[in-house]
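First comes the structure, then the notes that go with it.
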Amino acid sequence: MFMVEEYVNASKVQYQDAMDVIEEFDKEISETKGKCIDVGCGPGEVTKRLLLPKLPSGVEVVGADISKPMIDYARDKYRDEKRLSFTYLDIQTEELPNEHVGQYNNLFSFFCFHWCHNTGRTFENVWKLLRPGGTALTMFPASTEIFNAYEKLHENPRYKPYMQDVDRFVPYFHRCKDPRAALRTLLEDIGFEIQHCSRRERSCIFQNTQTLKDHVTPINPFVSRFPDQDLQEEFMDALMREMATMKIQFSKKDYSDQKELGILNRYQLLVAYIKKPSDAR
């Protein structure tokens, strides 16, 4: 993701969902000890504003992300926060940098792991980052209509050349009949002790199609590939039309002369709180 300012301005849904999970696990977070890493920290808003205040005063957090623009933004904005630092990290890399392996007592990740096409390696790397006895709290989308819309638009000859790797951006759990069961199996096979694992139905309302577009554009992996702005706009408009057919639209009171349809966005989240056994290597 390269549209940092746009993402910050249009990520209220992600921020609220992260806030809810952090509040739910308030007790566990407040008892945290040692060094922490927030994987997929993006611009650092959740790390700084939601996570850091819940942690004990002596705990430091490393925010990690694969996006250089995101990390540069976070480093600049929060450069005066002594308990917070930021680093580049690909959580699904084949080989983690040695300086991160086994260095963290706690790992957090919000709205990141659905970007990872190799889910097994992603959680294997979570294991490697943690020290024995370390914990991880993760939350990410299991299913949402935008993934179906990507697959649909991939069939269009105008867009297909720029979406050849569409499967990379449709998460594994989106195709599972029982995402929660699939996640539990994956975690158990790696060796984690599962403290909590759930699938949640969530919803939010976008005021109109434009607010939905503002929300989707900064996290769209394809739009920047199109060779000119006209084709980018055409693609995003087509994506909005496709998503609108999958969502519930409804009339709402509008005290101006213009009438707009609100858009109900429904999606599923997976939440897991897991532990690396104390005797693990």
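Each chain of the structure tokens is named A, B, ... in the order shown, its residues numbered from 1; ligands are numbered from 1 in display order.
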Env of A:Lys35: 6 Å cut, atoms = only C-alpha atoms, seq-sep filter 4 positions within chain, self excluded. Answer as a ChimeraX atom specification. /A:60,104-105
Please give the complete set of residues from stretch 110-153 of chain A that DSSP, run on the backbone, assigns to strand (DSSP E or B), formatted as a list in words. Phe110, Leu130, Arg131, Pro132, Gly133, Gly134, Thr135, Ala136, Leu137, Thr138, Met139, Phe140, Pro141, Ala142, Ser143 and Thr144 of chain A
Could those selected residues go to a file with N, CA, C and O atoms, as a compact mmCIF listing (two decimals), in the first residue's frame?
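Result file part-v4.txt:
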```txt
# COMPACT_ATOMS: atom_id res chain seq x y z
N PHE A 110 -3.25 -6.68 13.28
CA PHE A 110 -4.63 -6.30 12.98
C PHE A 110 -4.75 -5.95 11.49
O PHE A 110 -4.02 -5.08 11.01
N LEU A 130 8.37 -15.37 18.02
CA LEU A 130 8.08 -15.42 19.45
C LEU A 130 9.12 -16.22 20.23
O LEU A 130 9.67 -17.21 19.76
N ARG A 131 9.35 -15.76 21.45
CA ARG A 131 10.13 -16.53 22.40
C ARG A 131 9.25 -17.63 22.99
O ARG A 131 8.01 -17.52 22.95
N PRO A 132 9.83 -18.70 23.55
CA PRO A 132 9.01 -19.70 24.24
C PRO A 132 8.12 -19.05 25.30
O PRO A 132 8.59 -18.21 26.07
N GLY A 133 6.85 -19.42 25.30
CA GLY A 133 5.89 -18.83 26.22
C GLY A 133 5.27 -17.55 25.71
O GLY A 133 4.39 -16.97 26.36
N GLY A 134 5.70 -17.09 24.53
CA GLY A 134 5.17 -15.85 23.97
C GLY A 134 3.76 -16.02 23.41
O GLY A 134 3.33 -17.12 23.08
N THR A 135 3.05 -14.91 23.32
CA THR A 135 1.66 -14.93 22.85
C THR A 135 1.50 -14.07 21.60
O THR A 135 2.30 -13.17 21.34
N ALA A 136 0.43 -14.35 20.87
CA ALA A 136 0.09 -13.56 19.68
C ALA A 136 -1.41 -13.32 19.65
O ALA A 136 -2.20 -14.25 19.84
N LEU A 137 -1.80 -12.08 19.41
CA LEU A 137 -3.19 -11.69 19.22
C LEU A 137 -3.34 -11.20 17.79
O LEU A 137 -2.72 -10.21 17.40
N THR A 138 -4.12 -11.91 16.99
CA THR A 138 -4.27 -11.56 15.58
C THR A 138 -5.74 -11.39 15.22
O THR A 138 -6.61 -12.07 15.77
N MET A 139 -6.00 -10.49 14.29
CA MET A 139 -7.34 -10.27 13.77
C MET A 139 -7.25 -9.89 12.30
O MET A 139 -6.44 -9.02 11.94
N PHE A 140 -8.03 -10.54 11.46
CA PHE A 140 -7.98 -10.24 10.03
C PHE A 140 -9.27 -10.73 9.36
O PHE A 140 -9.95 -11.62 9.88
N PRO A 141 -9.62 -10.17 8.20
CA PRO A 141 -10.84 -10.59 7.51
C PRO A 141 -10.77 -12.03 7.01
O PRO A 141 -9.74 -12.45 6.47
N ALA A 142 -11.85 -12.75 7.20
CA ALA A 142 -11.97 -14.08 6.63
C ALA A 142 -12.70 -14.02 5.30
O ALA A 142 -12.37 -14.74 4.36
N SER A 143 -13.68 -13.11 5.23
CA SER A 143 -14.50 -13.04 4.01
C SER A 143 -15.13 -11.67 3.87
O SER A 143 -15.57 -11.07 4.85
N THR A 144 -15.13 -11.15 2.64
CA THR A 144 -15.81 -9.90 2.33
C THR A 144 -16.05 -9.86 0.83
O THR A 144 -15.34 -10.52 0.06
```
My list of candidates is A:Asp80, A:Glu99, A:Glu23, A:Asp167. Which is closest to A:Asn118 when distances are computed with only C-alpha atoms? A:Asp167
Could you give me, as an mmCIF file with C-alpha atoms, in the first residue's frame, the residues within 10 Å of A:Thr47, counting only C-alpha atoms and dropping anything in the same chain fewer than 3 positions from it?
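Final output, saved to around_1.cif:
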```cif
data_model
loop_
_atom_site.group_PDB
_atom_site.id
_atom_site.type_symbol
_atom_site.label_atom_id
_atom_site.label_comp_id
_atom_site.auth_asym_id
_atom_site.auth_seq_id
_atom_site.Cartn_x
_atom_site.Cartn_y
_atom_site.Cartn_z
ATOM 1 C CA ALA A 18 -8.949 -3.089 16.075
ATOM 2 C CA ILE A 37 5.948 -6.460 17.740
ATOM 3 C CA ASP A 38 2.913 -5.202 15.824
ATOM 4 C CA VAL A 39 2.975 -6.940 12.428
ATOM 5 C CA GLY A 40 1.314 -5.030 9.593
ATOM 6 C CA CYS A 41 1.303 -1.805 11.591
ATOM 7 C CA GLY A 42 0.735 0.336 8.478
ATOM 8 C CA PRO A 43 0.945 4.050 9.335
ATOM 9 C CA GLY A 44 1.226 3.267 13.055
ATOM 10 C CA LEU A 50 -4.789 2.021 20.690
ATOM 11 C CA LEU A 51 -2.156 -0.561 21.581
ATOM 12 C CA LEU A 52 0.609 1.389 23.304
ATOM 13 C CA PRO A 53 -1.663 3.023 25.948
ATOM 14 C CA VAL A 61 6.749 -2.022 20.711
ATOM 15 C CA VAL A 62 8.279 -2.508 17.285
ATOM 16 C CA GLY A 63 5.866 -1.685 14.468
ATOM 17 C CA ALA A 74 5.091 6.126 10.954
ATOM 18 C CA LEU A 84 7.908 2.875 19.764
ATOM 19 C CA PHE A 108 -0.022 -8.294 17.657
ATOM 20 C CA SER A 109 -1.472 -8.043 14.181
ATOM 21 C CA PHE A 110 -4.629 -6.305 12.978
#
```
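Residues in contact range of stretch 6-11 of chain A, defined as at most 12 Å between only C-alpha atoms, with sequence neighbours fewer than 5 positions away removed, read Met1, Gln16, Asp17, Ala18, Cys41, Gly42, Pro43, Gly44, Glu45, Val46, Pro69, Met70, Tyr73, Ala74, Phe111, Phe206, Gln210, Thr211, Leu212, Lys213, Asp214, His215, Val216, Thr217, Pro218, Ile219 and Asn220 of chain A.
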Near-A:Ala244 list (12 Å; only C-alpha atoms; drop same-chain fewer than 6 positions) as a PyMOL selection string: chain A and resi 145-146+148-149+206+208-210+212-213+237-238+250+261-266
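Relative to atom CA of A:Ser278, atom CA of A:Leu186 is found at 19.4 Å.
From atom CA of A:Gly58 back to atom CA of A:Ser30, the distance works out to 11.3 Å.
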So that I can check the secondary structure, give me every residue of stretch 11-259 of chain A assigned alpha helix (DSSP H) by backbone DSSP, as number ranges by chain. A: 12-24, 26-30, 45-46, 68-77, 119-129, 145-154, 179-190, 209-216, 229-246
Which residues come within 8 Å of A:His117, counting only C-alpha atoms, excluding same-chain residues fewer than 6 positions away, as a list in words? Asp167, Arg168, Phe169, Val170, Pro171 and Tyr172 of chain A
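Between atom CA of A:Arg121 and atom CA of A:Ile274 there is a distance of 16.1 Å.
Distances to A:Leu239 were evaluated for A:Lys160, A:Tyr150, A:Arg281, A:Ala181 using only C-alpha atoms, and the minimum falls at A:Tyr150.
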